[in-house]
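Student: The structure under discussion is supplied below as structure tokens; questions concerning it will follow.
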Amino acid sequence: MISPATAPPAPAASPALGVLQGVFGYPAFRGEQAEIIDTVLAGDDALVLMPTGGGKSLCYQIPALLRPGTGVVISPLIALMQDQVDALSALGVRAGFLNSTQTYPERTAMERALLDGELDLLYLAPERLRVPETLALLARVPIAVFAIDEAHCVSQWGHDFRPDYLLLSVLGERWPDVPRIALTATATDATATEITQRLGLASARTFVASFDRPNITYRIAPKDNPRAQLLELLRTEHPGDAGIVYCLSRASVEQTAAFLVAQGIAALPYHAGLDAATRARHQARFLREDGLVMVATIAFGMGIDKPDVRFVAHLDLPKSVEGYYQETGRAGRDGLPSTAWLAYGLADVVQQRRMIDSSEGDAAHRRRLSANLDAMLALCETVGCRRVQMLGYFGQESEPCGNCDTCLTPPSSWDGTVAAQKALSAVVRLDQRGQRYGAGHVVDILVGKRTPRVEQLGHTDLTVFGVGADLDERSWRGVLRQLLAQRLLGVDHSGYGTLHLTPDSAAVLSGERTVLLRHEAPSAARAARVRKAAAGPAGDLSDDDAARFELLRTWRAGVAKEKGVPAYTVFHDATLRAMAQRRPGSLDELGEVSGVGAAKLDRYGAAVLEVLAG
Ligand code: ADP
Ligand code: ZN
């Protein structure tokens with residue numbers, strides 16, 4: 001329970017709102033937070049599906065503060081527990097954790113604090129529940145609520161399956177009277193159903209938030225020269241910003257990070273091949289320092305709640321819309337304008353189709369992977385709004401957003417039937433000779449390029465040689481990519497990415513089926529000019545406000561460094577922005593700024609006023 005000293009000055013409409021304002025410093029609940037909290041306060045179970053950055057934490061933190069006893073939070077993110085506890089301590093909330101990183105004395109001290117009723121919140125790694133003493137320990141104290149964070153980890157189909165999560169059904173059985181709240185940012189029906197079953201949450205109230213992240217601009221660009229494209233994105237739109245660059249392989253993570261560093265951009269690699277200490281160090285630096293770029297495989301990111309990640313860039317095609325959505329969702333948790341950018345090309349489609357064909361597992365598993373990839377390709381190739389397509393995938397209807405590349409510069413489509421026929425014919429002619437080739441060679445034949453290989457193989461004699469001279473190589477690669485995406489071309493199982501016809505190809509060759517293709521988007525440089533002004537945290541502030549914002553950021557960096565904590569645990573960018581704009585002249589006025597709670601007002605209020613007074 002919170003002490004009266006941290007209660008808000010004016011009586012709030014409800015105790016929950018009182019805590020939101022007094023402890024967290026936010027004026028109002030977002031979305032369904034209030035209802036979710038009321039459900040748990042009433043002692044009922046809840047299942048919460050809410051996008052990253054939606055505000056899930058408050059849904060269990062506030063009940064933990066208001067109900068008698070300690071709130072127990074199960075989280076797989078051991079490496080982040082210290083930061084979570086630090087952030088809560090900065091708000092005056094008494095929090096601790098138990099996990100395998102602690103020494104024995106640290107653990108016993110924490111257990112003592114719990115037994116003495118000194119903890120509002122206890123973060124617990126799921127594997128602790130394997131130890132009988134943990135259950136015995138929990139049985140000795142009153143428990144306010146069990147929160148199961150990252151609840152999709154119970155799903156065996158998902159990419160984050162944690163066997164220890166299956167143990168969590170014990171909570172409902174041993175503590176039938178303690179409300180449980182399961183939370184995840186994974187939205188599909190299949191995952192929700194699995195969570196409900198495995199955690200025994202059949203009677204829980206389910207809350208599904210809108211999965212829209214309106215502050216993220218989604219862009220998917222044709223891949224020409226990915227590193228140069230990335231560099232341009234960072235230099236023109238996100239100089240000095242923190243962001244994540246996802247690559248498929250460890251090797252490309254290393255190379256891309258080295259490339260960025262050589263270009264003068266502060267970047268760090270992260271992948272499962274690095275030892276645990278290096279990974280932990282890089283993660284800690286990313287969280288604590290301003291403006292670092294993390295180049296990573298998807299091993300990085302779950303649960304990273306750094307609010308000021310300004311961009312997430314993908315240099316390789318994600319395997320599913322769900323994964324893409326989760327990864328891009330790490331941008332802009334603070335609600336400020338952010339960018340999700342993906343470079344995608346022909347080779348990606350070839351590579352992924354091949355990986356699926358040669359993957360372990362049964363036919364049903366491969367079909368599932370294929371369906372996931374098809375949905376991702378459909379998102380890449382759509383001429384409609386990206387957001388409408390993505391939300392539709394999660395079963396949510398929406399209007400064109402005006403904040404994605406296809407809305408901002410609508411692509412046109414063209415009748416590509418003849419082009420498709422030419423491309424498919426080239427593949428047929430080669431096949432008739434008993435030969436199969438990859439996309440590069442097929443493009444050479446279509447445009448009539450006399451490469452040594454073409455000459456040597458005698459492919460200049462083919463009737464299709466040069467039939468596609470009306471289009472350039474880039475356009476042909478776009479045509480082949482789209483034919484692959486539409487399953488009008490297939491990729492061989494063999495290691496070379498050679499092309500073959502599919503059952504659907506015949507209808508195109510015979511003219512029964514027309515093929516609609518998307519015009520390739522303009523090159524990156526041209527697109528940049530059409531784009532809106534820079535995103536970035538200072539974004540649309542006036543010059544004066546922006547100057548004050550920078551002063552506050554400098555002050556914050558000093559405080560963070562001195563205390564050895566992440567800058568955002570001092571104040572978020574969004575809060576500094578609001579201070580810069582509103583220029584509060586007194587502690588009372590400062591206390592009204594969103595993100596300034598009682599504890600922070602106490603600790604930093606005078607210093608902030610001094611910075612603002614200049
Ligand atoms: P999630 O766990 O759903 O990804 P968080 O709980 O970390 O999201 O919340 C995301 C950000 O939004 C945090 O910085 C949090 O402080 C902020 N936030 C949450 N609820 C509110 C609210 N009602 N008003 C203002 N900010 C909020
Ligand atoms: Zn849109």
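Labeling convention for the structure tokens: chains A, B, ... as they appear, residues from 1 per chain, ligands from 1 in order of appearance.
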Could I get the residue neighbourhood of ligand 1 at 7 Å, counting only C-alpha atoms and all ligand atoms, as a ChimeraX atom specification?
Tutor: /A:26-30,50-58,305,307,333-334,594-595
Student: Could you take the residues named above and write them with N, CA and C atoms, as a short mmCIF file (atom, residue, chain, number, x, y, z; two decimals), in the first residue's frame?
Tutor:
```cif
data_model
loop_
_atom_site.label_atom_id
_atom_site.label_comp_id
_atom_site.auth_asym_id
_atom_site.auth_seq_id
_atom_site.Cartn_x
_atom_site.Cartn_y
_atom_site.Cartn_z
N TYR A 26 0.54 10.80 -14.09
CA TYR A 26 -0.22 10.90 -15.34
C TYR A 26 -1.63 11.37 -15.03
N PRO A 27 -2.17 12.26 -15.86
CA PRO A 27 -3.48 12.82 -15.56
C PRO A 27 -4.65 11.85 -15.75
N ALA A 28 -4.57 10.95 -16.73
CA ALA A 28 -5.75 10.13 -17.03
C ALA A 28 -5.35 8.75 -17.52
N PHE A 29 -6.26 7.79 -17.37
CA PHE A 29 -5.99 6.46 -17.89
C PHE A 29 -6.09 6.46 -19.41
N ARG A 30 -5.42 5.50 -19.98
CA ARG A 30 -5.44 5.32 -21.42
C ARG A 30 -6.29 4.12 -21.76
N MET A 50 -2.58 -6.19 -25.52
CA MET A 50 -2.38 -4.75 -25.73
C MET A 50 -1.04 -4.57 -26.43
N PRO A 51 -0.96 -3.69 -27.40
CA PRO A 51 0.31 -3.57 -28.12
C PRO A 51 1.42 -3.06 -27.20
N THR A 52 2.63 -3.28 -27.64
CA THR A 52 3.79 -2.77 -26.94
C THR A 52 3.64 -1.27 -26.78
N GLY A 53 3.94 -0.78 -25.61
CA GLY A 53 3.81 0.66 -25.39
C GLY A 53 2.39 1.07 -25.04
N GLY A 54 1.47 0.11 -24.99
CA GLY A 54 0.06 0.44 -24.72
C GLY A 54 -0.17 0.80 -23.27
N GLY A 55 0.72 0.39 -22.38
CA GLY A 55 0.54 0.71 -20.96
C GLY A 55 0.06 -0.48 -20.15
N LYS A 56 0.64 -1.64 -20.40
CA LYS A 56 0.23 -2.84 -19.68
C LYS A 56 0.70 -2.81 -18.22
N SER A 57 1.89 -2.28 -17.98
CA SER A 57 2.44 -2.39 -16.62
C SER A 57 1.52 -1.80 -15.55
N LEU A 58 0.95 -0.62 -15.84
CA LEU A 58 0.10 0.01 -14.83
C LEU A 58 -1.08 -0.87 -14.47
N ASP A 305 11.91 -2.12 -22.53
CA ASP A 305 10.94 -1.04 -22.51
C ASP A 305 11.63 0.32 -22.47
N PRO A 307 11.65 3.71 -23.79
CA PRO A 307 10.54 4.41 -24.44
C PRO A 307 10.94 5.24 -25.66
N ARG A 333 7.54 3.89 -27.95
CA ARG A 333 6.63 3.59 -26.84
C ARG A 333 6.21 4.85 -26.12
N ASP A 334 6.98 5.92 -26.24
CA ASP A 334 6.62 7.17 -25.58
C ASP A 334 5.57 7.95 -26.36
N SER A 594 2.40 16.03 -17.43
CA SER A 594 2.23 14.59 -17.49
C SER A 594 3.57 13.88 -17.36
N GLY A 595 3.65 12.95 -16.41
CA GLY A 595 4.89 12.22 -16.20
C GLY A 595 5.66 12.69 -14.98
#
```
Student: Kindly compile the residues surrounding ligand 2 within 6 Å, counting only C-alpha atoms and all ligand atoms, and format them as a PyMOL selection string.
Tutor: chain A and resi 385-387+400-404+406-407
Student: Which of these residues is nearest to Leu66 (chain A), using only C-alpha atoms: A:Met81, A:Ala136, A:Ala42, A:Leu98?
Tutor: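 Selected residue with least distance to Leu66 (chain A): A:Ala42.
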Student: DSSP on the backbone, alpha helix (DSSP H) only: what residues of region 176-412 of chain A does that give? Format it as a PyMOL selection string.
Tutor: chain A and resi 189-198+226-237+250-262+276-288+321-328+346-357+363-381+386-393+405-408
Student: Just C-alpha atoms for this one: save the residues we selected as a tab-separated table (two decimals), in the first residue's frame.
Tutor:
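Wrote it out as result04.tsv, contents follow:
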```
chain	number	residue	atom	x	y	z
A	189	ASP	CA	-6.78	-15.51	-31.70
A	190	ALA	CA	-4.71	-18.69	-31.70
A	191	THR	CA	-2.27	-17.32	-29.13
A	192	ALA	CA	-5.04	-15.91	-26.93
A	193	THR	CA	-6.81	-19.26	-26.92
A	194	GLU	CA	-3.64	-21.08	-25.99
A	195	ILE	CA	-2.95	-18.69	-23.11
A	196	THR	CA	-6.49	-19.11	-21.78
A	197	GLN	CA	-6.22	-22.89	-21.87
A	198	ARG	CA	-2.76	-23.35	-20.50
A	226	PRO	CA	20.55	-1.98	-48.13
A	227	ARG	CA	23.46	-0.53	-46.19
A	228	ALA	CA	23.47	2.69	-48.16
A	229	GLN	CA	19.71	2.91	-47.77
A	230	LEU	CA	20.01	2.37	-44.03
A	231	LEU	CA	22.72	4.98	-43.75
A	232	GLU	CA	20.59	7.51	-45.58
A	233	LEU	CA	17.66	6.80	-43.27
A	234	LEU	CA	19.83	7.31	-40.19
A	235	ARG	CA	21.54	10.42	-41.49
A	236	THR	CA	18.59	12.27	-42.98
A	237	GLU	CA	15.81	11.30	-40.62
A	250	ARG	CA	24.84	-13.15	-36.98
A	251	ALA	CA	27.31	-12.42	-39.75
A	252	SER	CA	25.23	-9.62	-41.18
A	253	VAL	CA	24.71	-8.20	-37.68
A	254	GLU	CA	28.48	-7.99	-37.21
A	255	GLN	CA	29.10	-6.55	-40.66
A	256	THR	CA	26.32	-3.99	-40.45
A	257	ALA	CA	27.40	-2.80	-37.01
A	258	ALA	CA	30.99	-2.47	-38.20
A	259	PHE	CA	29.81	-0.58	-41.27
A	260	LEU	CA	27.81	1.91	-39.20
A	261	VAL	CA	30.68	2.46	-36.79
A	262	ALA	CA	33.00	3.11	-39.74
A	276	ALA	CA	26.35	-13.51	-22.17
A	277	ALA	CA	28.51	-10.79	-20.60
A	278	THR	CA	28.95	-8.94	-23.91
A	279	ARG	CA	25.25	-9.19	-24.64
A	280	ALA	CA	24.38	-7.86	-21.20
A	281	ARG	CA	26.87	-5.00	-21.57
A	282	HIS	CA	25.55	-3.98	-24.97
A	283	GLN	CA	21.97	-4.14	-23.79
A	284	ALA	CA	22.77	-2.05	-20.73
A	285	ARG	CA	24.53	0.57	-22.84
A	286	PHE	CA	21.63	0.71	-25.27
A	287	LEU	CA	19.21	1.29	-22.40
A	288	ARG	CA	21.34	3.81	-20.54
A	321	VAL	CA	3.48	-10.28	-39.71
A	322	GLU	CA	3.26	-11.10	-36.04
A	323	GLY	CA	7.03	-11.00	-35.63
A	324	TYR	CA	7.29	-7.84	-37.71
A	325	TYR	CA	4.62	-6.16	-35.66
A	326	GLN	CA	6.30	-7.10	-32.37
A	327	GLU	CA	9.69	-5.94	-33.54
A	328	THR	CA	8.53	-2.64	-35.01
A	346	LEU	CA	13.79	-10.60	-54.50
A	347	ALA	CA	16.57	-12.45	-52.72
A	348	ASP	CA	14.60	-12.29	-49.45
A	349	VAL	CA	11.68	-14.16	-50.96
A	350	VAL	CA	13.94	-16.79	-52.52
A	351	GLN	CA	15.85	-17.27	-49.31
A	352	GLN	CA	12.81	-17.57	-47.07
A	353	ARG	CA	10.94	-19.96	-49.34
A	354	ARG	CA	14.01	-22.15	-49.43
A	355	MET	CA	14.47	-22.03	-45.68
A	356	ILE	CA	10.89	-23.19	-45.19
A	357	ASP	CA	11.30	-26.09	-47.62
A	363	ALA	CA	4.27	-30.86	-43.31
A	364	ALA	CA	1.76	-29.05	-41.10
A	365	HIS	CA	4.56	-27.03	-39.55
A	366	ARG	CA	5.89	-26.05	-42.97
A	367	ARG	CA	2.42	-25.08	-44.13
A	368	ARG	CA	2.14	-22.80	-41.14
A	369	LEU	CA	5.48	-21.19	-41.87
A	370	SER	CA	4.42	-20.74	-45.49
A	371	ALA	CA	1.16	-19.12	-44.52
A	372	ASN	CA	3.04	-16.75	-42.21
A	373	LEU	CA	5.41	-15.80	-44.99
A	374	ASP	CA	2.60	-15.30	-47.48
A	375	ALA	CA	0.89	-12.85	-45.13
A	376	MET	CA	4.17	-10.98	-44.70
A	377	LEU	CA	4.68	-10.84	-48.48
A	378	ALA	CA	1.14	-9.61	-48.97
A	379	LEU	CA	1.92	-6.77	-46.57
A	380	CYS	CA	5.06	-5.92	-48.52
A	381	GLU	CA	3.36	-5.96	-51.91
A	386	ARG	CA	0.03	-0.89	-44.70
A	387	ARG	CA	-1.70	-0.28	-41.39
A	388	VAL	CA	-5.10	-1.38	-42.67
A	389	GLN	CA	-3.49	-4.59	-43.92
A	390	MET	CA	-1.59	-5.22	-40.70
A	391	LEU	CA	-4.49	-4.51	-38.35
A	392	GLY	CA	-6.69	-6.63	-40.62
A	393	TYR	CA	-4.29	-9.48	-40.00
A	405	ASP	CA	4.45	4.94	-47.28
A	406	THR	CA	1.54	3.70	-49.37
A	407	CYS	CA	-0.76	6.36	-47.92
A	408	LEU	CA	1.82	9.15	-48.26
```
Student: Do you have the CA of Leu576 (chain A)-CA of Cys59 (chain A) distance handy?
Tutor: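 Computing the Euclidean distance for CA of Leu576 (chain A) and CA of Cys59 (chain A) yields 24.4 Å.
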Student: Give me the residues within 12 Å of Arg433 (chain A) as a VMD selection string, counting only C-alpha atoms and dropping any in the same chain fewer than 6 places off.
Tutor: chain A and resid 426 to 427 457 to 459 461 to 462
Student: Any chance you can output those residues with N, CA, C and O atoms as a PDB file, in the first residue's frame?
Tutor:
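This went into again.pdb:
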```
ATOM      1  N   ALA A 426      10.585 -17.708 -70.015  1.00  0.00           N
ATOM      2  CA  ALA A 426      12.034 -17.899 -69.887  1.00  0.00           C
ATOM      3  C   ALA A 426      12.320 -19.099 -68.990  1.00  0.00           C
ATOM      4  O   ALA A 426      13.181 -19.932 -69.289  1.00  0.00           O
ATOM      5  N   VAL A 427      11.554 -19.202 -67.889  1.00  0.00           N
ATOM      6  CA  VAL A 427      11.751 -20.329 -66.980  1.00  0.00           C
ATOM      7  C   VAL A 427      11.373 -21.641 -67.677  1.00  0.00           C
ATOM      8  O   VAL A 427      12.065 -22.656 -67.563  1.00  0.00           O
ATOM      9  N   LEU A 457      26.725 -20.852 -71.870  1.00  0.00           N
ATOM     10  CA  LEU A 457      25.646 -21.834 -71.840  1.00  0.00           C
ATOM     11  C   LEU A 457      24.839 -21.834 -73.135  1.00  0.00           C
ATOM     12  O   LEU A 457      23.907 -22.612 -73.301  1.00  0.00           O
ATOM     13  N   GLY A 458      25.193 -20.929 -74.037  1.00  0.00           N
ATOM     14  CA  GLY A 458      24.469 -20.854 -75.305  1.00  0.00           C
ATOM     15  C   GLY A 458      23.058 -20.303 -75.145  1.00  0.00           C
ATOM     16  O   GLY A 458      22.178 -20.553 -75.967  1.00  0.00           O
ATOM     17  N   HIS A 459      22.837 -19.524 -74.108  1.00  0.00           N
ATOM     18  CA  HIS A 459      21.474 -19.038 -73.866  1.00  0.00           C
ATOM     19  C   HIS A 459      21.083 -17.862 -74.756  1.00  0.00           C
ATOM     20  O   HIS A 459      19.932 -17.443 -74.746  1.00  0.00           O
ATOM     21  N   ASP A 461      20.790 -18.223 -77.727  1.00  0.00           N
ATOM     22  CA  ASP A 461      19.970 -18.871 -78.755  1.00  0.00           C
ATOM     23  C   ASP A 461      18.514 -19.041 -78.350  1.00  0.00           C
ATOM     24  O   ASP A 461      17.666 -19.349 -79.182  1.00  0.00           O
ATOM     25  N   LEU A 462      18.255 -18.885 -77.067  1.00  0.00           N
ATOM     26  CA  LEU A 462      16.875 -19.083 -76.610  1.00  0.00           C
ATOM     27  C   LEU A 462      15.960 -18.053 -77.261  1.00  0.00           C
ATOM     28  O   LEU A 462      16.341 -16.889 -77.424  1.00  0.00           O
TER      29      LEU A 462
END
```
Student: Counting only C-alpha atoms, what is within 8 Å of Ile78 (chain A), bar same-chain residues fewer than 3 positions away, as an MDAnalysis selection string?
Tutor: chainID A and resid 75 81 99 101 125
Student: Could those residues be written to a file, using all heavy atoms, as a CSV table (one decimal), in the first residue's frame?
Tutor:
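Writing done, so here's result.csv:
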```
chain,number,residue,atom,x,y,z
A,75,SER,N,8.0,-12.8,-14.9
A,75,SER,CA,8.5,-12.2,-16.2
A,75,SER,C,9.7,-13.0,-16.6
A,75,SER,O,10.5,-13.4,-15.7
A,75,SER,CB,8.9,-10.8,-16.0
A,75,SER,OG,9.7,-10.3,-17.0
A,81,MET,N,15.1,-6.9,-15.0
A,81,MET,CA,14.4,-6.7,-13.7
A,81,MET,C,15.0,-5.6,-12.9
A,81,MET,O,14.3,-4.8,-12.3
A,81,MET,CB,14.4,-8.1,-12.9
A,81,MET,CG,13.5,-9.1,-13.5
A,81,MET,SD,13.4,-10.6,-12.5
A,81,MET,CE,12.2,-11.5,-13.5
A,99,ASN,N,15.7,-13.7,-8.9
A,99,ASN,CA,16.1,-14.5,-10.0
A,99,ASN,C,17.5,-15.1,-9.9
A,99,ASN,O,18.1,-14.9,-8.9
A,99,ASN,CB,15.9,-13.7,-11.3
A,99,ASN,CG,17.0,-12.6,-11.4
A,99,ASN,OD1,18.1,-12.7,-10.9
A,99,ASN,ND2,16.6,-11.5,-12.0
A,101,THR,N,20.3,-14.5,-11.1
A,101,THR,CA,21.5,-13.6,-11.1
A,101,THR,C,21.9,-13.2,-9.7
A,101,THR,O,23.0,-12.6,-9.6
A,101,THR,CB,21.2,-12.3,-12.0
A,101,THR,OG1,20.3,-11.5,-11.3
A,101,THR,CG2,20.7,-12.7,-13.4
A,125,ALA,N,11.3,-14.6,-11.7
A,125,ALA,CA,11.6,-15.4,-13.0
A,125,ALA,C,10.8,-16.7,-12.9
A,125,ALA,O,10.7,-17.3,-11.8
A,125,ALA,CB,13.1,-15.7,-13.1
```
Student: Which residues are near Glu127 (chain A)? Cut-off 10 Å, only C-alpha atoms, ignore same chain within fewer than 6 positions. Put them as an MDAnalysis selection string.
Tutor: chainID A and resid 74:76 99:100 134 162:165 167:168
Student: Return as a Markdown table the residues of region 243-322 of chain A lying at most 12 Å from region 146-153 of chain A, together with the closest atom-to-atom pair for each and the distance in Å to one decimal, counting only C-alpha atoms, with rows in chain order and ascending residue number.
Tutor:
```
| residue | atom | partner | partner_atom | distance |
| --- | --- | --- | --- | --- |
| A:Met302 | CA | A:Glu150 | CA | 8.7 |
| A:Gly303 | CA | A:Glu150 | CA | 7.9 |
| A:Ile304 | CA | A:Glu150 | CA | 11.7 |
| A:Glu322 | CA | A:His152 | CA | 11.9 |
```
Student: Just list as an MDAnalysis selection string whatever in region 371-538 of chain A DSSP marks as strand (DSSP E or B).
Tutor: chainID A and resid 404 413:415 489:491 499:501 516:518
Student: With N, CA and C atoms kept, could you save the residues just selected as a JSON list (two decimals), in the first residue's frame?
Tutor:
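So the final result, stored in result15.json, reads:
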```json
[["chain", "number", "residue", "atom", "x", "y", "z"],
["A", 404, "CYS", "N", 1.71, 6.00, -43.54],
["A", 404, "CYS", "CA", 2.56, 4.89, -44.00],
["A", 404, "CYS", "C", 2.97, 5.24, -45.44],
["A", 413, "SER", "N", -0.52, 0.54, -59.74],
["A", 413, "SER", "CA", -0.32, -0.82, -60.20],
["A", 413, "SER", "C", -0.43, -0.83, -61.73],
["A", 414, "TRP", "N", 0.07, -1.83, -62.34],
["A", 414, "TRP", "CA", 0.02, -1.93, -63.80],
["A", 414, "TRP", "C", -0.31, -3.35, -64.21],
["A", 415, "ASP", "N", -0.83, -3.50, -65.43],
["A", 415, "ASP", "CA", -1.16, -4.82, -65.92],
["A", 415, "ASP", "C", 0.13, -5.52, -66.33],
["A", 489, "LEU", "N", 5.52, -18.22, -59.30],
["A", 489, "LEU", "CA", 6.83, -18.84, -59.48],
["A", 489, "LEU", "C", 7.18, -19.52, -58.16],
["A", 490, "GLY", "N", 7.94, -20.61, -58.26],
["A", 490, "GLY", "CA", 8.38, -21.29, -57.04],
["A", 490, "GLY", "C", 9.89, -21.37, -57.00],
["A", 491, "VAL", "N", 10.41, -21.72, -55.82],
["A", 491, "VAL", "CA", 11.85, -21.85, -55.63],
["A", 491, "VAL", "C", 12.16, -23.31, -55.32],
["A", 499, "LEU", "N", 14.55, -21.31, -60.01],
["A", 499, "LEU", "CA", 13.12, -21.03, -60.16],
["A", 499, "LEU", "C", 12.41, -22.11, -60.96],
["A", 500, "HIS", "N", 11.16, -22.33, -60.62],
["A", 500, "HIS", "CA", 10.34, -23.25, -61.43],
["A", 500, "HIS", "C", 8.90, -22.75, -61.45],
["A", 501, "LEU", "N", 8.10, -23.33, -62.35],
["A", 501, "LEU", "CA", 6.70, -22.93, -62.43],
["A", 501, "LEU", "C", 5.92, -23.54, -61.27],
["A", 516, "LEU", "N", -1.72, -8.45, -61.88],
["A", 516, "LEU", "CA", -1.59, -7.05, -61.50],
["A", 516, "LEU", "C", -0.30, -6.89, -60.72],
["A", 517, "LEU", "N", 0.54, -5.95, -61.14],
["A", 517, "LEU", "CA", 1.80, -5.74, -60.43],
["A", 517, "LEU", "C", 1.86, -4.32, -59.91],
["A", 518, "ARG", "N", 2.70, -4.14, -58.91],
["A", 518, "ARG", "CA", 2.89, -2.86, -58.27],
["A", 518, "ARG", "C", 4.09, -2.19, -58.92]]
```
Student: Extract, using only C-alpha atoms, all DNA, RNA and protein residues at most 10 Å from region 597-607 of chain A, discarding same-chain residues fewer than 5 positions from it, and format them as a compact mmCIF listing (two decimals) with N, CA and C atoms, in the first residue's frame.
Tutor:
```txt
# COMPACT_ATOMS: atom_id res chain seq x y z
N ALA A 5 1.89 10.11 2.25
CA ALA A 5 2.75 11.21 1.80
C ALA A 5 2.77 11.34 0.29
N THR A 6 2.54 10.21 -0.42
CA THR A 6 2.60 10.29 -1.87
C THR A 6 1.22 10.51 -2.50
N ALA A 7 0.19 10.65 -1.66
CA ALA A 7 -1.15 10.85 -2.22
C ALA A 7 -1.24 12.21 -2.91
N PRO A 8 -2.10 12.32 -3.93
CA PRO A 8 -2.22 13.58 -4.67
C PRO A 8 -2.87 14.65 -3.81
N PRO A 9 -2.62 15.90 -4.10
CA PRO A 9 -3.17 16.98 -3.31
C PRO A 9 -4.70 17.04 -3.36
N VAL A 19 -3.79 7.01 -7.51
CA VAL A 19 -2.44 6.46 -7.61
C VAL A 19 -1.82 6.85 -8.96
N LEU A 20 -2.63 6.79 -10.01
CA LEU A 20 -2.11 7.15 -11.33
C LEU A 20 -1.53 8.57 -11.30
N GLN A 21 -2.30 9.48 -10.67
CA GLN A 21 -1.87 10.88 -10.66
C GLN A 21 -0.76 11.13 -9.63
N GLY A 22 -0.95 10.57 -8.46
CA GLY A 22 -0.02 10.87 -7.37
C GLY A 22 1.32 10.17 -7.51
N VAL A 23 1.29 8.90 -7.86
CA VAL A 23 2.52 8.13 -7.92
C VAL A 23 3.16 8.23 -9.31
N PHE A 24 2.35 8.02 -10.33
CA PHE A 24 2.92 7.97 -11.68
C PHE A 24 2.92 9.32 -12.39
N GLY A 25 2.11 10.24 -11.87
CA GLY A 25 2.13 11.59 -12.43
C GLY A 25 1.41 11.73 -13.75
N TYR A 26 0.54 10.80 -14.09
CA TYR A 26 -0.22 10.90 -15.34
C TYR A 26 -1.63 11.37 -15.03
N PRO A 27 -2.17 12.26 -15.86
CA PRO A 27 -3.48 12.82 -15.56
C PRO A 27 -4.65 11.85 -15.75
N SER A 89 11.41 2.32 -8.09
CA SER A 89 11.96 2.98 -6.90
C SER A 89 12.00 4.49 -7.10
N ALA A 90 12.32 4.90 -8.34
CA ALA A 90 12.35 6.34 -8.63
C ALA A 90 10.98 6.97 -8.43
N LEU A 91 9.93 6.15 -8.49
CA LEU A 91 8.58 6.67 -8.27
C LEU A 91 8.15 6.52 -6.81
N GLY A 92 9.04 5.96 -6.01
CA GLY A 92 8.69 5.77 -4.60
C GLY A 92 7.93 4.47 -4.35
N VAL A 93 7.93 3.56 -5.32
CA VAL A 93 7.26 2.27 -5.14
C VAL A 93 8.30 1.26 -4.64
N LEU A 552 17.13 20.60 -21.22
CA LEU A 552 16.61 19.62 -20.26
C LEU A 552 17.24 18.24 -20.50
N TRP A 555 20.66 18.25 -19.03
CA TRP A 555 20.55 18.13 -17.58
C TRP A 555 20.24 16.67 -17.20
N ARG A 556 19.30 16.06 -17.92
CA ARG A 556 18.89 14.69 -17.63
C ARG A 556 20.07 13.71 -17.81
N VAL A 559 22.24 13.84 -14.76
CA VAL A 559 21.64 13.15 -13.61
C VAL A 559 21.74 11.64 -13.79
N THR A 569 14.50 6.84 -16.88
CA THR A 569 13.93 6.67 -15.55
C THR A 569 13.94 8.00 -14.78
N VAL A 570 14.70 8.98 -15.27
CA VAL A 570 14.64 10.32 -14.68
C VAL A 570 13.34 10.99 -15.16
N PHE A 571 13.26 11.24 -16.47
CA PHE A 571 12.01 11.67 -17.09
C PHE A 571 12.02 11.19 -18.53
N SER A 586 6.54 27.21 -11.34
CA SER A 586 6.51 26.85 -9.91
C SER A 586 6.39 25.34 -9.80
N LEU A 587 6.65 24.84 -8.59
CA LEU A 587 6.53 23.40 -8.37
C LEU A 587 5.11 22.91 -8.64
N ASP A 588 4.12 23.73 -8.27
CA ASP A 588 2.73 23.32 -8.51
C ASP A 588 2.48 23.13 -10.00
N LEU A 590 4.69 22.63 -12.30
CA LEU A 590 5.50 21.53 -12.79
C LEU A 590 4.83 20.19 -12.49
N GLY A 591 4.21 20.11 -11.34
CA GLY A 591 3.54 18.87 -10.94
C GLY A 591 2.39 18.50 -11.85
N GLU A 592 1.90 19.47 -12.62
CA GLU A 592 0.79 19.18 -13.51
C GLU A 592 1.23 18.62 -14.85
N LEU A 612 14.88 25.53 -16.46
CA LEU A 612 13.91 26.28 -17.26
C LEU A 612 14.08 27.79 -17.10
N ALA A 613 14.49 28.20 -15.88
CA ALA A 613 14.66 29.63 -15.65
C ALA A 613 15.90 30.14 -16.39
```
Student: Tell me, in Å to one decimal, how far CA of Arg213 (chain A) is from CA of Gly332 (chain A).
Tutor: 8.6 Å
Student: Mind checking which residues fall within 10 Å of Asp444 (chain A), counting only C-alpha atoms, ignoring those fewer than 6 positions away in the same chain, and posting them as an NGL selection string?
Tutor: :A and (450-451 or 453-454 or 459 or 465-466 or 468-469 or 473 or 476)
Student: My list of candidates is A:Gly96, A:Gln156, A:Val383, A:Pro15. Which is closest to Leu41 (chain A) when distances are computed with only C-alpha atoms?
Tutor: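 Checking each of A:Gly96, A:Gln156, A:Val383, A:Pro15 against Leu41 (chain A), counting only C-alpha atoms, the winner is A:Pro15.
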Student: Looking at A:Val145, A:Ala242, A:Leu480, A:Leu248, which one is nearest to Leu268 (chain A), with distances taken over only C-alpha atoms?
Tutor: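 When distances to Leu268 (chain A) are compared using only C-alpha atoms, the smallest one comes from A:Ala242.
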